[in-house]
Amino acid sequence: QVQLVESGGGLVQAGGSLRLSCTASGRAASALAMGWFRQVLGKERETVAAISGNGDATFVQYSMSDRFAISKDNAKNTVYLQMNKLRTEDTALYSCAAVEAKPKSLMTQGPRYSYWGRGSQVTVAS
């Protein structure tokens with residue numbers, strides 16, 4: 001069983017930055033494809049970014065690709081989401097997800113993930 005714990009969310013002014021962290025336990029992160037998703041109450045969950053087990057392959061949703069970046073430190077079993085130039089519309093609950101996968105596999109769709117964190121709220125004030 002894999003447990004995921006997110007941290008780093010909070011309240012930030014528009015234009016500011018936040019870095020979310022997600023630490024996995026129960027399995028080496030190098031064996032996990034991982035991703036970040038976000039959801040606003042009443043709306044569908046949205047894929048934000050994804051990264052392969054070995055960290056070589058990454059995906060960031062096109063609409064966020066000039067502001068967000070995903071990275072991974074397998075030595076720390078942690079995946080990060082760096083968010084810059086935040087906008088009020090980025091306000092959401094951000095969740096980390098993981099699934100056992102081949103080292104180079106990239107998973108961009110939520111239903112393919114097996115494990116989910118509880119989420120970290122990001123609120124961007126105008």
# chains A, B, ... in the order shown; residues from 1 in each chain; ligands from 1
$ select_by_dssp --residues "stretch 7-101 of chain A" --states "strand (DSSP E or B)" --output "PyMOL selection string"
chain A and resi 7+10-13+18-25+32-39+46-51+58-60+68-73+78-83+92-100
$ residues_around --residues "A:Ala97" --least-positions-apart "4" --cutoff "6 Å" --atoms "only C-alpha atoms" --output "MDAnalysis selection string"
chainID A and resid 34:35 115:116
$ residues_around --residues "stretch 65-72 of chain A" --least-positions-apart "2" --cutoff "10 Å" --atoms "only C-alpha atoms" --output "PDB file with N, CA, C and O atoms, in the first residue's frame"
ATOM      1  N   SER A  17       4.008  32.701  -5.953  1.00  0.00           N
ATOM      2  CA  SER A  17       4.435  31.327  -6.235  1.00  0.00           C
ATOM      3  C   SER A  17       4.206  30.436  -5.023  1.00  0.00           C
ATOM      4  O   SER A  17       4.215  30.897  -3.882  1.00  0.00           O
ATOM      5  N   LEU A  18       4.024  29.172  -5.316  1.00  0.00           N
ATOM      6  CA  LEU A  18       3.963  28.142  -4.285  1.00  0.00           C
ATOM      7  C   LEU A  18       4.630  26.894  -4.839  1.00  0.00           C
ATOM      8  O   LEU A  18       4.607  26.653  -6.052  1.00  0.00           O
ATOM      9  N   ARG A  19       5.188  26.099  -3.938  1.00  0.00           N
ATOM     10  CA  ARG A  19       5.694  24.790  -4.337  1.00  0.00           C
ATOM     11  C   ARG A  19       5.014  23.727  -3.490  1.00  0.00           C
ATOM     12  O   ARG A  19       5.137  23.717  -2.257  1.00  0.00           O
ATOM     13  N   LEU A  20       4.307  22.852  -4.156  1.00  0.00           N
ATOM     14  CA  LEU A  20       3.668  21.725  -3.479  1.00  0.00           C
ATOM     15  C   LEU A  20       4.624  20.541  -3.465  1.00  0.00           C
ATOM     16  O   LEU A  20       5.363  20.319  -4.425  1.00  0.00           O
ATOM     17  N   SER A  21       4.567  19.799  -2.371  1.00  0.00           N
ATOM     18  CA  SER A  21       5.361  18.576  -2.246  1.00  0.00           C
ATOM     19  C   SER A  21       4.438  17.407  -1.960  1.00  0.00           C
ATOM     20  O   SER A  21       3.399  17.573  -1.310  1.00  0.00           O
ATOM     21  N   CYS A  22       4.820  16.251  -2.435  1.00  0.00           N
ATOM     22  CA  CYS A  22       4.070  15.030  -2.161  1.00  0.00           C
ATOM     23  C   CYS A  22       5.082  13.933  -1.879  1.00  0.00           C
ATOM     24  O   CYS A  22       5.871  13.579  -2.761  1.00  0.00           O
ATOM     25  N   THR A  23       5.052  13.424  -0.665  1.00  0.00           N
ATOM     26  CA  THR A  23       5.989  12.381  -0.275  1.00  0.00           C
ATOM     27  C   THR A  23       5.276  11.048  -0.200  1.00  0.00           C
ATOM     28  O   THR A  23       4.212  10.930   0.416  1.00  0.00           O
ATOM     29  N   ALA A  29       9.601   5.727  -4.823  1.00  0.00           N
ATOM     30  CA  ALA A  29       9.035   6.637  -5.814  1.00  0.00           C
ATOM     31  C   ALA A  29       9.522   6.321  -7.221  1.00  0.00           C
ATOM     32  O   ALA A  29       8.846   6.630  -8.204  1.00  0.00           O
ATOM     33  N   SER A  30      10.687   5.713  -7.337  1.00  0.00           N
ATOM     34  CA  SER A  30      11.212   5.367  -8.656  1.00  0.00           C
ATOM     35  C   SER A  30      10.347   4.319  -9.356  1.00  0.00           C
ATOM     36  O   SER A  30      10.403   4.181 -10.576  1.00  0.00           O
ATOM     37  N   MET A  34       3.744   9.377 -11.075  1.00  0.00           N
ATOM     38  CA  MET A  34       3.037  10.258 -10.152  1.00  0.00           C
ATOM     39  C   MET A  34       2.469  11.457 -10.882  1.00  0.00           C
ATOM     40  O   MET A  34       2.932  11.824 -11.976  1.00  0.00           O
ATOM     41  N   GLY A  35       1.467  12.051 -10.277  1.00  0.00           N
ATOM     42  CA  GLY A  35       0.841  13.182 -10.933  1.00  0.00           C
ATOM     43  C   GLY A  35       0.180  14.118  -9.942  1.00  0.00           C
ATOM     44  O   GLY A  35      -0.017  13.778  -8.769  1.00  0.00           O
ATOM     45  N   TRP A  36      -0.130  15.285 -10.418  1.00  0.00           N
ATOM     46  CA  TRP A  36      -0.872  16.291  -9.668  1.00  0.00           C
ATOM     47  C   TRP A  36      -2.179  16.591 -10.396  1.00  0.00           C
ATOM     48  O   TRP A  36      -2.190  16.762 -11.616  1.00  0.00           O
ATOM     49  N   VAL A  48      -3.153  18.308 -13.825  1.00  0.00           N
ATOM     50  CA  VAL A  48      -2.233  19.444 -13.819  1.00  0.00           C
ATOM     51  C   VAL A  48      -0.890  19.040 -14.425  1.00  0.00           C
ATOM     52  O   VAL A  48      -0.380  19.691 -15.331  1.00  0.00           O
ATOM     53  N   ALA A  49      -0.319  17.965 -13.908  1.00  0.00           N
ATOM     54  CA  ALA A  49       1.009  17.553 -14.360  1.00  0.00           C
ATOM     55  C   ALA A  49       1.231  16.089 -13.995  1.00  0.00           C
ATOM     56  O   ALA A  49       0.559  15.545 -13.116  1.00  0.00           O
ATOM     57  N   ALA A  50       2.198  15.477 -14.675  1.00  0.00           N
ATOM     58  CA  ALA A  50       2.530  14.079 -14.408  1.00  0.00           C
ATOM     59  C   ALA A  50       4.008  13.861 -14.660  1.00  0.00           C
ATOM     60  O   ALA A  50       4.638  14.608 -15.422  1.00  0.00           O
ATOM     61  N   ILE A  51       4.544  12.817 -14.028  1.00  0.00           N
ATOM     62  CA  ILE A  51       5.968  12.521 -14.184  1.00  0.00           C
ATOM     63  C   ILE A  51       6.166  11.019 -14.081  1.00  0.00           C
ATOM     64  O   ILE A  51       5.461  10.329 -13.339  1.00  0.00           O
ATOM     65  N   SER A  52       7.123  10.514 -14.842  1.00  0.00           N
ATOM     66  CA  SER A  52       7.389   9.085 -14.844  1.00  0.00           C
ATOM     67  C   SER A  52       8.173   8.670 -13.602  1.00  0.00           C
ATOM     68  O   SER A  52       8.695   9.512 -12.874  1.00  0.00           O
ATOM     69  N   GLY A  53       8.269   7.361 -13.405  1.00  0.00           N
ATOM     70  CA  GLY A  53       8.991   6.838 -12.259  1.00  0.00           C
ATOM     71  C   GLY A  53      10.442   7.301 -12.208  1.00  0.00           C
ATOM     72  O   GLY A  53      10.946   7.698 -11.136  1.00  0.00           O
ATOM     73  N   ASN A  54      11.105   7.277 -13.344  1.00  0.00           N
ATOM     74  CA  ASN A  54      12.509   7.700 -13.358  1.00  0.00           C
ATOM     75  C   ASN A  54      12.667   9.210 -13.477  1.00  0.00           C
ATOM     76  O   ASN A  54      13.787   9.715 -13.448  1.00  0.00           O
ATOM     77  N   GLY A  55      11.559   9.930 -13.613  1.00  0.00           N
ATOM     78  CA  GLY A  55      11.613  11.385 -13.668  1.00  0.00           C
ATOM     79  C   GLY A  55      11.993  11.961 -15.016  1.00  0.00           C
ATOM     80  O   GLY A  55      12.037  13.181 -15.179  1.00  0.00           O
ATOM     81  N   ASP A  56      12.251  11.103 -15.988  1.00  0.00           N
ATOM     82  CA  ASP A  56      12.721  11.592 -17.286  1.00  0.00           C
ATOM     83  C   ASP A  56      11.599  12.141 -18.154  1.00  0.00           C
ATOM     84  O   ASP A  56      11.824  13.002 -18.996  1.00  0.00           O
ATOM     85  N   ALA A  57      10.409  11.610 -17.982  1.00  0.00           N
ATOM     86  CA  ALA A  57       9.269  12.049 -18.794  1.00  0.00           C
ATOM     87  C   ALA A  57       8.330  12.876 -17.940  1.00  0.00           C
ATOM     88  O   ALA A  57       7.978  12.480 -16.822  1.00  0.00           O
ATOM     89  N   THR A  58       7.944  14.034 -18.467  1.00  0.00           N
ATOM     90  CA  THR A  58       7.027  14.902 -17.726  1.00  0.00           C
ATOM     91  C   THR A  58       5.933  15.417 -18.642  1.00  0.00           C
ATOM     92  O   THR A  58       6.091  15.473 -19.869  1.00  0.00           O
ATOM     93  N   PHE A  59       4.862  15.806 -18.020  1.00  0.00           N
ATOM     94  CA  PHE A  59       3.727  16.411 -18.716  1.00  0.00           C
ATOM     95  C   PHE A  59       3.182  17.516 -17.832  1.00  0.00           C
ATOM     96  O   PHE A  59       3.036  17.347 -16.633  1.00  0.00           O
ATOM     97  N   VAL A  60       2.887  18.652 -18.441  1.00  0.00           N
ATOM     98  CA  VAL A  60       2.187  19.730 -17.756  1.00  0.00           C
ATOM     99  C   VAL A  60       1.058  20.172 -18.676  1.00  0.00           C
ATOM    100  O   VAL A  60       1.278  20.381 -19.871  1.00  0.00           O
ATOM    101  N   GLN A  61      -0.110  20.299 -18.109  1.00  0.00           N
ATOM    102  CA  GLN A  61      -1.269  20.756 -18.891  1.00  0.00           C
ATOM    103  C   GLN A  61      -0.888  22.015 -19.664  1.00  0.00           C
ATOM    104  O   GLN A  61      -0.295  22.946 -19.124  1.00  0.00           O
ATOM    105  N   TYR A  62      -1.242  22.022 -20.941  1.00  0.00           N
ATOM    106  CA  TYR A  62      -0.782  23.088 -21.833  1.00  0.00           C
ATOM    107  C   TYR A  62      -1.099  24.481 -21.294  1.00  0.00           C
ATOM    108  O   TYR A  62      -0.264  25.387 -21.344  1.00  0.00           O
ATOM    109  N   SER A  63      -2.294  24.622 -20.744  1.00  0.00           N
ATOM    110  CA  SER A  63      -2.719  25.944 -20.275  1.00  0.00           C
ATOM    111  C   SER A  63      -1.900  26.440 -19.082  1.00  0.00           C
ATOM    112  O   SER A  63      -1.965  27.614 -18.730  1.00  0.00           O
ATOM    113  N   ASN A  74      13.727  11.167  -6.347  1.00  0.00           N
ATOM    114  CA  ASN A  74      13.483   9.789  -5.928  1.00  0.00           C
ATOM    115  C   ASN A  74      14.236   9.426  -4.651  1.00  0.00           C
ATOM    116  O   ASN A  74      13.811   8.554  -3.908  1.00  0.00           O
ATOM    117  N   ALA A  75      15.329  10.102  -4.406  1.00  0.00           N
ATOM    118  CA  ALA A  75      16.071   9.847  -3.166  1.00  0.00           C
ATOM    119  C   ALA A  75      15.239  10.244  -1.942  1.00  0.00           C
ATOM    120  O   ALA A  75      15.392   9.677  -0.857  1.00  0.00           O
ATOM    121  N   LYS A  76      14.357  11.226  -2.135  1.00  0.00           N
ATOM    122  CA  LYS A  76      13.484  11.684  -1.048  1.00  0.00           C
ATOM    123  C   LYS A  76      12.064  11.153  -1.192  1.00  0.00           C
ATOM    124  O   LYS A  76      11.188  11.519  -0.412  1.00  0.00           O
ATOM    125  N   ASN A  77      11.834  10.340  -2.214  1.00  0.00           N
ATOM    126  CA  ASN A  77      10.499   9.798  -2.461  1.00  0.00           C
ATOM    127  C   ASN A  77       9.454  10.896  -2.600  1.00  0.00           C
ATOM    128  O   ASN A  77       8.302  10.748  -2.162  1.00  0.00           O
ATOM    129  N   THR A  78       9.849  11.981  -3.221  1.00  0.00           N
ATOM    130  CA  THR A  78       8.999  13.165  -3.253  1.00  0.00           C
ATOM    131  C   THR A  78       8.862  13.725  -4.665  1.00  0.00           C
ATOM    132  O   THR A  78       9.845  13.776  -5.410  1.00  0.00           O
ATOM    133  N   VAL A  79       7.646  14.142  -4.997  1.00  0.00           N
ATOM    134  CA  VAL A  79       7.385  14.840  -6.249  1.00  0.00           C
ATOM    135  C   VAL A  79       6.950  16.260  -5.896  1.00  0.00           C
ATOM    136  O   VAL A  79       6.309  16.494  -4.867  1.00  0.00           O
ATOM    137  N   TYR A  80       7.341  17.199  -6.745  1.00  0.00           N
ATOM    138  CA  TYR A  80       7.069  18.610  -6.491  1.00  0.00           C
ATOM    139  C   TYR A  80       6.257  19.203  -7.631  1.00  0.00           C
ATOM    140  O   TYR A  80       6.380  18.790  -8.787  1.00  0.00           O
ATOM    141  N   LEU A  81       5.469  20.207  -7.288  1.00  0.00           N
ATOM    142  CA  LEU A  81       4.794  21.013  -8.291  1.00  0.00           C
ATOM    143  C   LEU A  81       5.122  22.477  -7.995  1.00  0.00           C
ATOM    144  O   LEU A  81       4.675  23.024  -6.984  1.00  0.00           O
ATOM    145  N   GLN A  82       5.938  23.058  -8.839  1.00  0.00           N
ATOM    146  CA  GLN A  82       6.278  24.466  -8.708  1.00  0.00           C
ATOM    147  C   GLN A  82       5.267  25.281  -9.481  1.00  0.00           C
ATOM    148  O   GLN A  82       5.085  25.062 -10.683  1.00  0.00           O
ATOM    149  N   MET A  83       4.623  26.198  -8.799  1.00  0.00           N
ATOM    150  CA  MET A  83       3.583  27.013  -9.427  1.00  0.00           C
ATOM    151  C   MET A  83       3.979  28.484  -9.318  1.00  0.00           C
ATOM    152  O   MET A  83       4.133  29.009  -8.211  1.00  0.00           O
ATOM    153  N   ASN A  84       4.144  29.103 -10.467  1.00  0.00           N
ATOM    154  CA  ASN A  84       4.532  30.511 -10.526  1.00  0.00           C
ATOM    155  C   ASN A  84       3.428  31.324 -11.165  1.00  0.00           C
ATOM    156  O   ASN A  84       2.555  30.790 -11.850  1.00  0.00           O
ATOM    157  N   LYS A  85       3.488  32.619 -10.967  1.00  0.00           N
ATOM    158  CA  LYS A  85       2.525  33.551 -11.570  1.00  0.00           C
ATOM    159  C   LYS A  85       1.096  33.066 -11.342  1.00  0.00           C
ATOM    160  O   LYS A  85       0.290  32.989 -12.282  1.00  0.00           O
ATOM    161  N   LEU A  86       0.797  32.752 -10.116  1.00  0.00           N
ATOM    162  CA  LEU A  86      -0.509  32.179  -9.797  1.00  0.00           C
ATOM    163  C   LEU A  86      -1.628  33.166 -10.066  1.00  0.00           C
ATOM    164  O   LEU A  86      -1.472  34.382  -9.882  1.00  0.00           O
TER     165      LEU A  86
END
$ select_by_dssp --residues "chain A" --states "helix (DSSP H, G or I)" --output "list in words"
Ala29, Ser30, Ala31, Tyr62, Ser63, Met64, Asn74, Ala75, Lys76, Thr88, Glu89, Asp90, Gly110, Pro111 and Arg112 of chain A
$ atom_distance --atom1 "atom CA of A:Thr88" --atom2 "atom CA of A:Glu6"
20.9 Å
$ residues_around --residues "A:Val99" --least-positions-apart "4" --cutoff "6 Å" --atoms "only C-alpha atoms" --output "PDB file with all heavy atoms, in the first residue's frame"
ATOM      1  N   LEU A  32       7.068   4.424  -9.137  1.00  0.00           N
ATOM      2  CA  LEU A  32       5.742   5.032  -9.219  1.00  0.00           C
ATOM      3  C   LEU A  32       5.694   6.123 -10.277  1.00  0.00           C
ATOM      4  O   LEU A  32       6.546   7.024 -10.278  1.00  0.00           O
ATOM      5  CB  LEU A  32       5.370   5.656  -7.872  1.00  0.00           C
ATOM      6  CG  LEU A  32       5.276   4.735  -6.664  1.00  0.00           C
ATOM      7  CD1 LEU A  32       5.124   5.558  -5.385  1.00  0.00           C
ATOM      8  CD2 LEU A  32       4.114   3.765  -6.822  1.00  0.00           C
ATOM      9  N   ALA A  33       4.721   6.037 -11.150  1.00  0.00           N
ATOM     10  CA  ALA A  33       4.370   7.203 -11.949  1.00  0.00           C
ATOM     11  C   ALA A  33       3.507   8.075 -11.045  1.00  0.00           C
ATOM     12  O   ALA A  33       2.649   7.564 -10.318  1.00  0.00           O
ATOM     13  CB  ALA A  33       3.592   6.789 -13.187  1.00  0.00           C
ATOM     14  N   TYR A 113      -4.706   6.110 -11.968  1.00  0.00           N
ATOM     15  CA  TYR A 113      -3.950   6.136 -10.713  1.00  0.00           C
ATOM     16  C   TYR A 113      -4.624   5.303  -9.639  1.00  0.00           C
ATOM     17  O   TYR A 113      -5.842   5.279  -9.526  1.00  0.00           O
ATOM     18  CB  TYR A 113      -3.773   7.580 -10.237  1.00  0.00           C
ATOM     19  CG  TYR A 113      -2.716   8.315 -11.012  1.00  0.00           C
ATOM     20  CD1 TYR A 113      -3.005   8.935 -12.225  1.00  0.00           C
ATOM     21  CD2 TYR A 113      -1.406   8.366 -10.545  1.00  0.00           C
ATOM     22  CE1 TYR A 113      -2.019   9.593 -12.944  1.00  0.00           C
ATOM     23  CE2 TYR A 113      -0.420   9.028 -11.255  1.00  0.00           C
ATOM     24  CZ  TYR A 113      -0.729   9.631 -12.452  1.00  0.00           C
ATOM     25  OH  TYR A 113       0.254  10.274 -13.163  1.00  0.00           O
ATOM     26  N   SER A 114      -3.790   4.665  -8.811  1.00  0.00           N
ATOM     27  CA  SER A 114      -4.301   3.774  -7.776  1.00  0.00           C
ATOM     28  C   SER A 114      -4.329   4.423  -6.402  1.00  0.00           C
ATOM     29  O   SER A 114      -5.145   4.053  -5.551  1.00  0.00           O
ATOM     30  CB  SER A 114      -3.418   2.519  -7.695  1.00  0.00           C
ATOM     31  OG  SER A 114      -3.374   1.851  -8.930  1.00  0.00           O
TER      32      SER A 114
END
$ closest_residue --among "A:Met64, A:Val122, A:Ala24, A:Val5" --to "A:Thr47" --atoms "only C-alpha atoms"
A:Met64
$ closest_residue --among "A:Val124, A:Leu93, A:Ala31, A:Gly8" --to "A:Glu44" --atoms "only C-alpha atoms"
A:Leu93
$ closest_residue --among "A:Ser120, A:Gln13, A:Ser126, A:Gln1" --to "A:Tyr94" --atoms "only C-alpha atoms"
A:Ser120
$ closest_residue --among "A:Pro103, A:Gly117, A:Gly16, A:Gly42" --to "A:Leu4" --atoms "only C-alpha atoms"
A:Gly117
$ atom_distance --atom1 "atom CA of A:Gln3" --atom2 "atom CA of A:Ala101"
15.9 Å
$ decode --residues "stretch 64-113 of chain A" --atoms "C-alpha atoms" --output "short mmCIF file (atom, residue, chain, number, x, y, z; two decimals), in the first residue's frame"
data_model
loop_
_atom_site.label_atom_id
_atom_site.label_comp_id
_atom_site.auth_asym_id
_atom_site.auth_seq_id
_atom_site.Cartn_x
_atom_site.Cartn_y
_atom_site.Cartn_z
CA MET A 64 -0.34 25.92 -17.29
CA SER A 65 2.90 24.91 -18.99
CA ASP A 66 4.39 28.40 -18.93
CA ARG A 67 3.80 28.75 -15.20
CA PHE A 68 3.90 25.28 -13.60
CA ALA A 69 6.62 22.64 -13.49
CA ILE A 70 6.76 19.14 -12.07
CA SER A 71 9.89 17.47 -10.75
CA LYS A 72 10.82 14.48 -8.67
CA ASP A 73 13.49 13.56 -6.16
CA ASN A 74 13.48 9.79 -5.93
CA ALA A 75 16.07 9.85 -3.17
CA LYS A 76 13.48 11.68 -1.05
CA ASN A 77 10.50 9.80 -2.46
CA THR A 78 9.00 13.16 -3.25
CA VAL A 79 7.38 14.84 -6.25
CA TYR A 80 7.07 18.61 -6.49
CA LEU A 81 4.79 21.01 -8.29
CA GLN A 82 6.28 24.47 -8.71
CA MET A 83 3.58 27.01 -9.43
CA ASN A 84 4.53 30.51 -10.53
CA LYS A 85 2.52 33.55 -11.57
CA LEU A 86 -0.51 32.18 -9.80
CA ARG A 87 -3.94 33.38 -10.83
CA THR A 88 -7.22 33.43 -8.94
CA GLU A 89 -8.47 30.70 -11.25
CA ASP A 90 -5.73 28.40 -9.94
CA THR A 91 -7.59 28.24 -6.63
CA ALA A 92 -8.41 24.56 -6.04
CA LEU A 93 -7.71 21.48 -4.00
CA TYR A 94 -4.50 20.00 -5.38
CA SER A 95 -4.07 16.26 -4.99
CA CYS A 96 -1.12 14.01 -5.59
CA ALA A 97 -1.59 10.57 -7.10
CA ALA A 98 0.61 7.55 -7.80
CA VAL A 99 0.52 4.20 -9.53
CA GLU A 100 3.04 1.40 -9.90
CA ALA A 101 4.43 1.65 -13.41
CA LYS A 102 7.44 0.99 -15.58
CA PRO A 103 10.21 3.57 -15.05
CA LYS A 104 9.50 5.49 -18.25
CA SER A 105 5.70 5.35 -18.13
CA LEU A 106 3.78 8.60 -17.94
CA MET A 107 0.18 8.60 -16.73
CA THR A 108 -1.86 11.68 -17.49
CA GLN A 109 -5.37 10.44 -16.74
CA GLY A 110 -6.74 10.34 -13.23
CA PRO A 111 -8.57 6.98 -13.49
CA ARG A 112 -5.25 5.26 -14.17
CA TYR A 113 -3.95 6.14 -10.71
#
